[in-house]
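A.B. asks: Coordinates in entry_0.cif, mmCIF, C-alpha atoms and all ligand atoms, are listed below.
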data_structure
loop_
_atom_site.group_PDB
_atom_site.id
_atom_site.type_symbol
_atom_site.label_atom_id
_atom_site.label_comp_id
_atom_site.auth_asym_id
_atom_site.auth_seq_id
_atom_site.Cartn_x
_atom_site.Cartn_y
_atom_site.Cartn_z
ATOM 1 C CA MET Y 81 131.037 50.140 129.233
ATOM 2 C CA ILE Y 82 134.713 51.059 129.242
ATOM 3 C CA SER Y 83 137.354 48.378 129.960
ATOM 4 C CA LYS Y 84 139.351 48.496 133.184
ATOM 5 C CA ARG Y 85 142.598 48.925 131.206
ATOM 6 C CA LEU Y 86 141.241 51.938 129.343
ATOM 7 C CA GLN Y 87 139.663 53.357 132.507
ATOM 8 C CA ASP Y 88 143.049 53.243 134.253
ATOM 9 C CA ALA Y 89 144.696 54.932 131.247
ATOM 10 C CA PHE Y 90 142.054 57.696 131.241
ATOM 11 C CA ASN Y 91 142.553 58.254 134.962
ATOM 12 C CA GLU Y 92 146.290 58.612 134.377
ATOM 13 C CA GLN Y 93 145.632 61.137 131.617
ATOM 14 C CA ILE Y 94 143.246 63.113 133.864
ATOM 15 C CA ASN Y 95 146.108 63.337 136.362
ATOM 16 C CA LYS Y 96 148.450 64.630 133.636
ATOM 17 C CA GLU Y 97 145.925 67.282 132.589
ATOM 18 C CA LEU Y 98 145.510 68.391 136.214
ATOM 19 C CA TYR Y 99 149.297 68.479 136.585
ATOM 20 C CA SER Y 100 149.457 70.618 133.434
ATOM 21 C CA GLU Y 101 146.962 72.997 135.046
ATOM 22 C CA TYR Y 102 149.158 73.170 138.144
ATOM 23 C CA LEU Y 103 152.375 73.631 136.135
ATOM 24 C CA TYR Y 104 150.926 76.528 134.130
ATOM 25 C CA LEU Y 105 149.593 78.136 137.312
ATOM 26 C CA SER Y 106 153.123 77.955 138.728
ATOM 27 C CA MET Y 107 154.410 79.625 135.556
ATOM 28 C CA ALA Y 108 151.719 82.321 135.924
ATOM 29 C CA ALA Y 109 152.947 82.945 139.471
ATOM 30 C CA TYR Y 110 156.515 83.324 138.157
ATOM 31 C CA PHE Y 111 155.378 85.872 135.556
ATOM 32 C CA ASP Y 112 153.375 87.794 138.174
ATOM 33 C CA SER Y 113 156.483 87.848 140.388
ATOM 34 C CA ILE Y 114 158.571 89.491 137.639
ATOM 35 C CA SER Y 115 155.828 91.955 136.591
ATOM 36 C CA LEU Y 116 154.865 90.467 133.228
ATOM 37 C CA PRO Y 117 151.047 90.485 133.612
ATOM 38 C CA GLY Y 118 150.377 89.600 129.971
ATOM 39 C CA CYS Y 119 152.467 86.417 130.148
ATOM 40 C CA ALA Y 120 150.763 85.633 133.482
ATOM 41 C CA ASN Y 121 147.376 86.122 131.812
ATOM 42 C CA PHE Y 122 148.345 83.762 128.982
ATOM 43 C CA MET Y 123 149.247 81.079 131.532
ATOM 44 C CA LYS Y 124 146.057 81.638 133.561
ATOM 45 C CA VAL Y 125 144.013 81.069 130.391
ATOM 46 C CA GLN Y 126 146.105 77.938 129.770
ATOM 47 C CA VAL Y 127 145.191 76.807 133.294
ATOM 48 C CA GLN Y 128 141.496 77.008 132.301
ATOM 49 C CA GLU Y 129 142.207 75.068 129.097
ATOM 50 C CA GLU Y 130 143.858 72.267 131.063
ATOM 51 C CA ARG Y 131 140.978 72.073 133.552
ATOM 52 C CA PHE Y 132 138.632 71.871 130.568
ATOM 53 C CA HIS Y 133 140.683 68.957 129.155
ATOM 54 C CA ALA Y 134 140.599 67.122 132.497
ATOM 55 C CA MET Y 135 136.842 67.635 132.915
ATOM 56 C CA LYS Y 136 136.124 66.537 129.359
ATOM 57 C CA MET Y 137 137.793 63.205 130.173
ATOM 58 C CA TYR Y 138 136.114 63.060 133.593
ATOM 59 C CA ASP Y 139 132.675 63.416 131.945
ATOM 60 C CA PHE Y 140 133.487 60.843 129.266
ATOM 61 C CA LEU Y 141 134.607 58.292 131.841
ATOM 62 C CA ASN Y 142 131.355 58.768 133.758
ATOM 63 C CA GLU Y 143 129.223 58.563 130.640
ATOM 64 C CA ARG Y 144 130.904 55.259 129.769
ATOM 65 C CA GLY Y 145 130.165 53.703 133.157
ATOM 66 C CA GLY Y 146 133.769 54.121 134.331
ATOM 67 C CA ARG Y 147 135.002 55.366 137.685
ATOM 68 C CA VAL Y 148 137.063 58.545 138.038
ATOM 69 C CA GLU Y 149 139.930 57.970 140.445
ATOM 70 C CA LEU Y 150 142.009 60.999 141.369
ATOM 71 C CA GLU Y 151 145.649 60.586 142.317
ATOM 72 C CA ALA Y 152 148.072 63.048 143.940
ATOM 73 C CA ILE Y 153 149.313 65.872 141.734
ATOM 74 C CA LYS Y 154 153.088 66.323 141.873
ATOM 75 C CA LYS Y 155 154.639 69.658 142.774
ATOM 76 C CA PRO Y 156 155.422 71.770 139.703
ATOM 77 C CA GLN Y 157 158.661 73.684 139.106
ATOM 78 C CA VAL Y 158 158.616 77.004 141.009
ATOM 79 C CA GLU Y 159 161.587 79.026 139.741
ATOM 80 C CA PHE Y 160 162.530 79.756 136.149
ATOM 81 C CA ASN Y 161 165.463 81.641 134.609
ATOM 82 C CA SER Y 162 163.665 83.619 131.910
ATOM 83 C CA PRO Y 163 160.386 83.955 129.949
ATOM 84 C CA LEU Y 164 162.064 82.087 127.083
ATOM 85 C CA GLU Y 165 162.871 79.169 129.370
ATOM 86 C CA VAL Y 166 159.230 79.048 130.539
ATOM 87 C CA PHE Y 167 157.852 78.832 127.013
ATOM 88 C CA GLU Y 168 160.504 76.323 125.945
ATOM 89 C CA LEU Y 169 159.500 74.124 128.892
ATOM 90 C CA SER Y 170 155.814 74.603 127.986
ATOM 91 C CA TYR Y 171 156.489 73.511 124.417
ATOM 92 C CA LYS Y 172 158.362 70.459 125.671
ATOM 93 C CA HIS Y 173 155.546 69.699 128.094
ATOM 94 C CA GLU Y 174 152.930 69.842 125.331
ATOM 95 C CA GLN Y 175 155.017 67.420 123.263
ATOM 96 C CA PHE Y 176 154.987 65.069 126.258
ATOM 97 C CA VAL Y 177 151.178 65.406 126.533
ATOM 98 C CA SER Y 178 150.753 64.724 122.799
ATOM 99 C CA LYS Y 179 152.785 61.523 123.172
ATOM 100 C CA SER Y 180 150.644 60.526 126.113
ATOM 101 C CA ILE Y 181 147.389 61.164 124.174
ATOM 102 C CA ASN Y 182 148.777 59.055 121.316
ATOM 103 C CA GLU Y 183 149.500 56.210 123.734
ATOM 104 C CA LEU Y 184 145.954 56.486 125.102
ATOM 105 C CA MET Y 185 144.656 56.289 121.548
ATOM 106 C CA ASP Y 186 146.811 53.170 120.972
ATOM 107 C CA ILE Y 187 145.127 51.511 123.960
ATOM 108 C CA ALA Y 188 141.650 52.518 122.691
ATOM 109 C CA ILE Y 189 142.547 50.944 119.325
ATOM 110 C CA SER Y 190 143.861 47.734 120.865
ATOM 111 C CA GLU Y 191 140.712 47.495 123.040
ATOM 112 C CA ASN Y 192 138.619 48.064 119.896
ATOM 113 C CA ASP Y 193 136.732 50.841 121.726
ATOM 114 C CA HIS Y 194 135.315 52.956 118.886
ATOM 115 C CA ALA Y 195 133.615 55.455 121.217
ATOM 116 C CA ALA Y 196 136.921 56.173 122.952
ATOM 117 C CA LYS Y 197 138.711 56.489 119.611
ATOM 118 C CA SER Y 198 136.130 58.984 118.369
ATOM 119 C CA PHE Y 199 136.344 60.917 121.644
ATOM 120 C CA LEU Y 200 140.153 60.997 121.570
ATOM 121 C CA ASN Y 201 140.274 62.387 118.041
ATOM 122 C CA TRP Y 202 139.331 65.760 119.537
ATOM 123 C CA PHE Y 203 142.413 65.609 121.793
ATOM 124 C CA VAL Y 204 144.700 64.557 118.944
ATOM 125 C CA ASP Y 205 143.635 67.688 117.015
ATOM 126 C CA GLU Y 206 143.767 69.862 120.132
ATOM 127 C CA GLN Y 207 147.396 68.873 120.769
ATOM 128 C CA VAL Y 208 148.406 70.211 117.356
ATOM 129 C CA GLU Y 209 147.135 73.634 118.500
ATOM 130 C CA GLU Y 210 148.625 73.274 121.974
ATOM 131 C CA GLU Y 211 152.105 72.600 120.597
ATOM 132 C CA ASP Y 212 151.816 75.283 117.940
ATOM 133 C CA SER Y 213 150.712 77.962 120.400
ATOM 134 C CA MET Y 214 153.773 77.393 122.653
ATOM 135 C CA ASP Y 215 156.195 76.976 119.752
ATOM 136 C CA SER Y 216 155.162 80.246 118.107
ATOM 137 C CA ILE Y 217 155.787 82.172 121.348
ATOM 138 C CA VAL Y 218 159.217 80.505 121.690
ATOM 139 C CA ASN Y 219 160.059 81.669 118.169
ATOM 140 C CA LYS Y 220 158.893 85.234 118.813
ATOM 141 C CA LEU Y 221 160.904 85.420 122.042
ATOM 142 C CA LYS Y 222 164.011 84.171 120.235
ATOM 143 C CA LEU Y 223 163.480 86.761 117.524
ATOM 144 C CA ILE Y 224 163.505 89.644 119.999
ATOM 145 C CA GLY Y 225 166.352 88.169 122.076
ATOM 146 C CA GLY Y 226 163.987 87.448 124.979
ATOM 147 C CA LYS Y 227 164.143 90.913 126.575
ATOM 148 C CA GLY Y 228 163.714 94.664 126.356
ATOM 149 C CA HIS Y 229 161.036 96.520 124.432
ATOM 150 C CA GLY Y 230 160.212 93.428 122.333
ATOM 151 C CA LEU Y 231 159.435 91.451 125.477
ATOM 152 C CA LEU Y 232 157.027 94.159 126.649
ATOM 153 C CA MET Y 233 155.297 94.063 123.262
ATOM 154 C CA ILE Y 234 154.872 90.278 123.490
ATOM 155 C CA ASP Y 235 153.645 90.662 127.066
ATOM 156 C CA ASN Y 236 151.054 93.131 125.824
ATOM 157 C CA GLU Y 237 149.957 90.740 123.086
ATOM 158 C CA LEU Y 238 149.638 87.784 125.488
ATOM 159 C CA GLY Y 239 147.583 89.950 127.821
ATOM 160 C CA ALA Y 240 144.758 89.893 125.283
ATOM 161 C CA ARG Y 241 144.246 86.116 125.411
ATOM 162 C CA VAL Y 242 140.821 85.043 126.693
ATOM 163 C CA PHE Y 243 139.462 81.600 127.474
ATOM 164 C CA ASN Y 244 136.863 80.411 124.976
ATOM 165 C CA PRO Y 245 135.523 77.050 126.058
ATOM 166 C CA PRO Y 246 134.997 74.875 122.964
ATOM 167 C CA VAL Y 247 131.352 73.980 122.330
ATOM 168 C CA LYS Y 248 130.606 70.546 123.825
ATOM 169 C CA GLU Y 249 130.068 68.032 121.028
HETATM 170 FE FE1 LIG Y 301 145.828 69.385 127.976
HETATM 171 FE FE2 LIG Y 301 147.975 71.377 127.080
HETATM 172 O O1 LIG Y 301 147.214 69.723 126.908
#
The structure in this file should be written as structure tokens.
C.D. replies:
Amino acid sequence: MISKRLQDAFNEQINKELYSEYLYLSMAAYFDSISLPGCANFMKVQVQEERFHAMKMYDFLNERGGRVELEAIKKPQVEFNSPLEVFELSYKHEQFVSKSINELMDIAISENDHAAKSFLNWFVDEQVEEEDSMDSIVNKLKLIGGKGHGLLMIDNELGARVFNPPVKE
């Protein structure tokens, strides 16, 4: 059975994953509003990723005899100045999530909960990809100056992203 301290920390992380889902949906809405459907598609796939992360923790908490407790999700940012700003914010947000996963891992270690540590390893690895995916788009956007024909090419590329749920281990 999971400790109360770890249960509370998992519930906080579930809230952060659901907020991430909401934030990326808000970014998708921004891209739809400025007619960049590929960037919107990328964010809608990211929305599915974040829901997957939240549900993975939800299932783990239940399997460990814990209780899922949902809190309010704060309102995400609505307006953005440019596609580059959106991806820079996304990169920053993923760095924040990585830090939060690391803190959760620290609690699992201090509680000597080996099952939670093993479970969280997946998230530690996943965050490397999450940060890298946002950072590489930031770099591409900087390379093309964030506008014009280059932006349309990146939009086209991001339109091809599909959600592939990882196989449940
Ligand atoms: Fe759930 Fe993007 O980290």
A.B. asks: I would like the residues chosen by the PyMOL selection byres (((chain Y and resi 107-109) around 12) and not hetatm) on the shown file; could you give them as a ChimeraX atom specification?
C.D. replies: /Y:100-106,110-127,156-170,238-239
A.B. asks: Go through the shown structure with the PyMOL selection byres (((not hetatm)) within 6 of (chain Y and resi 301)) and write out the matching residues as an NGL selection string.
C.D. replies: :Y and (97 or 130 or 133 or 174 or 177 or 210)
A.B. asks: Which one of Y:Lys222, Y:Lys155, Y:Arg241, Y:Lys84 sits closest to Leu141 (chain Y) if you count all atoms listed in the file?
C.D. replies: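 Closest residue, counting all atoms listed in the file: Y:Lys84.
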A.B. asks: Between CA of Phe243 (chain Y) and CA of Glu209 (chain Y), what is the distance, to one decimal in Å?
C.D. replies: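 If I compute the distance from CA of Phe243 (chain Y) to CA of Glu209 (chain Y), I get 14.2 Å.
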A.B. asks: One decimal, in Å: what's the spacing between CA of Asn91 (chain Y) and CA of Val148 (chain Y)?
C.D. replies: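 A separation of 6.3 Å between them.
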A.B. asks: If I put a ball of radius 9 Å at (138.8, 52.3, 127.7) in the file's coordinates, which residues poke into it when counting only C-alpha atoms, written as an MDAnalysis selection string?
C.D. replies: chainID Y and resid 81:90 141 144 146 184 187:188 191:193 195:196
A.B. asks: Can I get the selected residues back with C-alpha atoms, as a PDB file, in the frame of the given file?
C.D. replies:
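And here's part01.pdb as it stands now:
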ATOM      1  CA  MET Y  81     131.037  50.140 129.233  1.00  0.00           C
ATOM      2  CA  ILE Y  82     134.713  51.059 129.242  1.00  0.00           C
ATOM      3  CA  SER Y  83     137.354  48.378 129.960  1.00  0.00           C
ATOM      4  CA  LYS Y  84     139.351  48.496 133.184  1.00  0.00           C
ATOM      5  CA  ARG Y  85     142.598  48.925 131.206  1.00  0.00           C
ATOM      6  CA  LEU Y  86     141.241  51.938 129.343  1.00  0.00           C
ATOM      7  CA  GLN Y  87     139.663  53.357 132.507  1.00  0.00           C
ATOM      8  CA  ASP Y  88     143.049  53.243 134.253  1.00  0.00           C
ATOM      9  CA  ALA Y  89     144.696  54.932 131.247  1.00  0.00           C
ATOM     10  CA  PHE Y  90     142.054  57.696 131.241  1.00  0.00           C
ATOM     11  CA  LEU Y 141     134.607  58.292 131.841  1.00  0.00           C
ATOM     12  CA  ARG Y 144     130.904  55.259 129.769  1.00  0.00           C
ATOM     13  CA  GLY Y 146     133.769  54.121 134.331  1.00  0.00           C
ATOM     14  CA  LEU Y 184     145.954  56.486 125.102  1.00  0.00           C
ATOM     15  CA  ILE Y 187     145.127  51.511 123.960  1.00  0.00           C
ATOM     16  CA  ALA Y 188     141.650  52.518 122.691  1.00  0.00           C
ATOM     17  CA  GLU Y 191     140.712  47.495 123.040  1.00  0.00           C
ATOM     18  CA  ASN Y 192     138.619  48.064 119.896  1.00  0.00           C
ATOM     19  CA  ASP Y 193     136.732  50.841 121.726  1.00  0.00           C
ATOM     20  CA  ALA Y 195     133.615  55.455 121.217  1.00  0.00           C
ATOM     21  CA  ALA Y 196     136.921  56.173 122.952  1.00  0.00           C
TER      22      ALA Y 196
END
A.B. asks: Provide the CA of Glu183 (chain Y) to CA of Phe203 (chain Y) distance in Å, to one decimal place.
C.D. replies: 11.9 Å
A.B. asks: Evaluate the PyMOL selection byres (((chain Y and resi 181) around 9) and not hetatm) and record the selected residues as a list of chain:residue names, following the chain and residue labels used in the document.
C.D. replies: Y:Gln93, Y:Phe176, Y:Val177, Y:Ser178, Y:Lys179, Y:Ser180, Y:Asn182, Y:Glu183, Y:Leu184, Y:Met185, Y:Asp186, Y:Leu200, Y:Phe203, Y:Val204, Y:Gln207
A.B. asks: Considering all atoms listed in the file, state which residue in the set Y:Lys136, Y:Glu151, Y:Gly145, Y:Asp212 is at the smallest distance from Glu92 (chain Y).
C.D. replies: Y:Glu151
A.B. asks: With 3 Å on each side, where is the centre of the axis-aligned box around all listed atoms of region 185-198 of chain Y, and how long are its edges in Å to one decimal, as AutoDock Vina command-line options?
C.D. replies:
--center_x 140.2 --center_y 53.2 --center_z 121.2 --size_x 19.2 --size_y 17.5 --size_z 11.6
A.B. asks: Could you please fill out region 181-192 of chain Y with all heavy atoms and send it back as a PDB file, in the coordinates of the input?
C.D. replies:
ATOM      1  N   ILE Y 181     148.707  61.304 124.829  1.00  0.00           N
ATOM      2  CA  ILE Y 181     147.389  61.164 124.174  1.00  0.00           C
ATOM      3  C   ILE Y 181     147.481  60.084 123.084  1.00  0.00           C
ATOM      4  O   ILE Y 181     146.576  59.248 122.943  1.00  0.00           O
ATOM      5  CB  ILE Y 181     146.933  62.507 123.545  1.00  0.00           C
ATOM      6  CG1 ILE Y 181     146.669  63.575 124.620  1.00  0.00           C
ATOM      7  CG2 ILE Y 181     145.710  62.315 122.637  1.00  0.00           C
ATOM      8  CD1 ILE Y 181     145.385  63.431 125.401  1.00  0.00           C
ATOM      9  N   ASN Y 182     148.590  60.079 122.358  1.00  0.00           N
ATOM     10  CA  ASN Y 182     148.777  59.055 121.316  1.00  0.00           C
ATOM     11  C   ASN Y 182     148.801  57.655 121.923  1.00  0.00           C
ATOM     12  O   ASN Y 182     148.235  56.713 121.361  1.00  0.00           O
ATOM     13  CB  ASN Y 182     150.078  59.305 120.531  1.00  0.00           C
ATOM     14  CG  ASN Y 182     149.945  60.493 119.600  1.00  0.00           C
ATOM     15  OD1 ASN Y 182     148.846  60.939 119.296  1.00  0.00           O
ATOM     16  ND2 ASN Y 182     151.065  61.026 119.152  1.00  0.00           N
ATOM     17  N   GLU Y 183     149.451  57.527 123.076  1.00  0.00           N
ATOM     18  CA  GLU Y 183     149.500  56.210 123.734  1.00  0.00           C
ATOM     19  C   GLU Y 183     148.110  55.786 124.207  1.00  0.00           C
ATOM     20  O   GLU Y 183     147.740  54.607 124.130  1.00  0.00           O
ATOM     21  CB  GLU Y 183     150.485  56.253 124.914  1.00  0.00           C
ATOM     22  CG  GLU Y 183     151.939  56.259 124.429  1.00  0.00           C
ATOM     23  CD  GLU Y 183     152.955  56.679 125.474  1.00  0.00           C
ATOM     24  OE1 GLU Y 183     152.558  56.949 126.641  1.00  0.00           O
ATOM     25  OE2 GLU Y 183     154.152  56.764 125.124  1.00  0.00           O
ATOM     26  N   LEU Y 184     147.336  56.776 124.675  1.00  0.00           N
ATOM     27  CA  LEU Y 184     145.954  56.486 125.102  1.00  0.00           C
ATOM     28  C   LEU Y 184     145.131  56.018 123.893  1.00  0.00           C
ATOM     29  O   LEU Y 184     144.343  55.070 123.988  1.00  0.00           O
ATOM     30  CB  LEU Y 184     145.366  57.770 125.715  1.00  0.00           C
ATOM     31  CG  LEU Y 184     144.038  57.722 126.449  1.00  0.00           C
ATOM     32  CD1 LEU Y 184     143.975  56.616 127.488  1.00  0.00           C
ATOM     33  CD2 LEU Y 184     143.756  59.081 127.107  1.00  0.00           C
ATOM     34  N   MET Y 185     145.345  56.678 122.782  1.00  0.00           N
ATOM     35  CA  MET Y 185     144.656  56.289 121.548  1.00  0.00           C
ATOM     36  C   MET Y 185     145.061  54.863 121.154  1.00  0.00           C
ATOM     37  O   MET Y 185     144.215  54.066 120.735  1.00  0.00           O
ATOM     38  CB  MET Y 185     144.997  57.285 120.438  1.00  0.00           C
ATOM     39  CG  MET Y 185     144.362  56.976 119.107  1.00  0.00           C
ATOM     40  SD  MET Y 185     142.551  57.089 119.133  1.00  0.00           S
ATOM     41  CE  MET Y 185     142.315  58.630 118.242  1.00  0.00           C
ATOM     42  N   ASP Y 186     146.354  54.534 121.298  1.00  0.00           N
ATOM     43  CA  ASP Y 186     146.811  53.170 120.972  1.00  0.00           C
ATOM     44  C   ASP Y 186     146.073  52.132 121.816  1.00  0.00           C
ATOM     45  O   ASP Y 186     145.707  51.062 121.323  1.00  0.00           O
ATOM     46  CB  ASP Y 186     148.337  53.036 121.226  1.00  0.00           C
ATOM     47  CG  ASP Y 186     149.159  53.800 120.197  1.00  0.00           C
ATOM     48  OD1 ASP Y 186     148.609  54.139 119.131  1.00  0.00           O
ATOM     49  OD2 ASP Y 186     150.352  54.062 120.465  1.00  0.00           O
ATOM     50  N   ILE Y 187     145.843  52.455 123.080  1.00  0.00           N
ATOM     51  CA  ILE Y 187     145.127  51.511 123.960  1.00  0.00           C
ATOM     52  C   ILE Y 187     143.667  51.387 123.495  1.00  0.00           C
ATOM     53  O   ILE Y 187     143.122  50.287 123.406  1.00  0.00           O
ATOM     54  CB  ILE Y 187     145.216  51.947 125.446  1.00  0.00           C
ATOM     55  CG1 ILE Y 187     146.679  51.932 125.900  1.00  0.00           C
ATOM     56  CG2 ILE Y 187     144.374  51.030 126.335  1.00  0.00           C
ATOM     57  CD1 ILE Y 187     146.914  52.497 127.294  1.00  0.00           C
ATOM     58  N   ALA Y 188     143.047  52.543 123.171  1.00  0.00           N
ATOM     59  CA  ALA Y 188     141.650  52.518 122.691  1.00  0.00           C
ATOM     60  C   ALA Y 188     141.537  51.652 121.434  1.00  0.00           C
ATOM     61  O   ALA Y 188     140.575  50.890 121.275  1.00  0.00           O
ATOM     62  CB  ALA Y 188     141.166  53.948 122.421  1.00  0.00           C
ATOM     63  N   ILE Y 189     142.548  51.746 120.563  1.00  0.00           N
ATOM     64  CA  ILE Y 189     142.547  50.944 119.325  1.00  0.00           C
ATOM     65  C   ILE Y 189     142.696  49.456 119.661  1.00  0.00           C
ATOM     66  O   ILE Y 189     141.945  48.619 119.169  1.00  0.00           O
ATOM     67  CB  ILE Y 189     143.660  51.434 118.359  1.00  0.00           C
ATOM     68  CG1 ILE Y 189     143.289  52.823 117.805  1.00  0.00           C
ATOM     69  CG2 ILE Y 189     143.868  50.437 117.205  1.00  0.00           C
ATOM     70  CD1 ILE Y 189     144.418  53.552 117.085  1.00  0.00           C
ATOM     71  N   SER Y 190     143.637  49.160 120.557  1.00  0.00           N
ATOM     72  CA  SER Y 190     143.861  47.734 120.865  1.00  0.00           C
ATOM     73  C   SER Y 190     142.675  47.144 121.633  1.00  0.00           C
ATOM     74  O   SER Y 190     142.436  45.942 121.573  1.00  0.00           O
ATOM     75  CB  SER Y 190     145.181  47.528 121.606  1.00  0.00           C
ATOM     76  OG  SER Y 190     145.054  47.948 122.943  1.00  0.00           O
ATOM     77  N   GLU Y 191     141.908  47.982 122.336  1.00  0.00           N
ATOM     78  CA  GLU Y 191     140.712  47.495 123.040  1.00  0.00           C
ATOM     79  C   GLU Y 191     139.493  47.496 122.108  1.00  0.00           C
ATOM     80  O   GLU Y 191     138.395  47.148 122.524  1.00  0.00           O
ATOM     81  CB  GLU Y 191     140.404  48.396 124.244  1.00  0.00           C
ATOM     82  CG  GLU Y 191     141.446  48.393 125.334  1.00  0.00           C
ATOM     83  CD  GLU Y 191     141.381  47.173 126.244  1.00  0.00           C
ATOM     84  OE1 GLU Y 191     140.332  46.928 126.829  1.00  0.00           O
ATOM     85  OE2 GLU Y 191     142.408  46.465 126.313  1.00  0.00           O
ATOM     86  N   ASN Y 192     139.704  47.977 120.883  1.00  0.00           N
ATOM     87  CA  ASN Y 192     138.619  48.064 119.896  1.00  0.00           C
ATOM     88  C   ASN Y 192     137.439  48.904 120.404  1.00  0.00           C
ATOM     89  O   ASN Y 192     136.277  48.598 120.127  1.00  0.00           O
ATOM     90  CB  ASN Y 192     138.149  46.644 119.529  1.00  0.00           C
ATOM     91  CG  ASN Y 192     137.743  46.584 118.078  1.00  0.00           C
ATOM     92  OD1 ASN Y 192     138.065  47.471 117.288  1.00  0.00           O
ATOM     93  ND2 ASN Y 192     137.010  45.542 117.720  1.00  0.00           N
TER      94      ASN Y 192
END
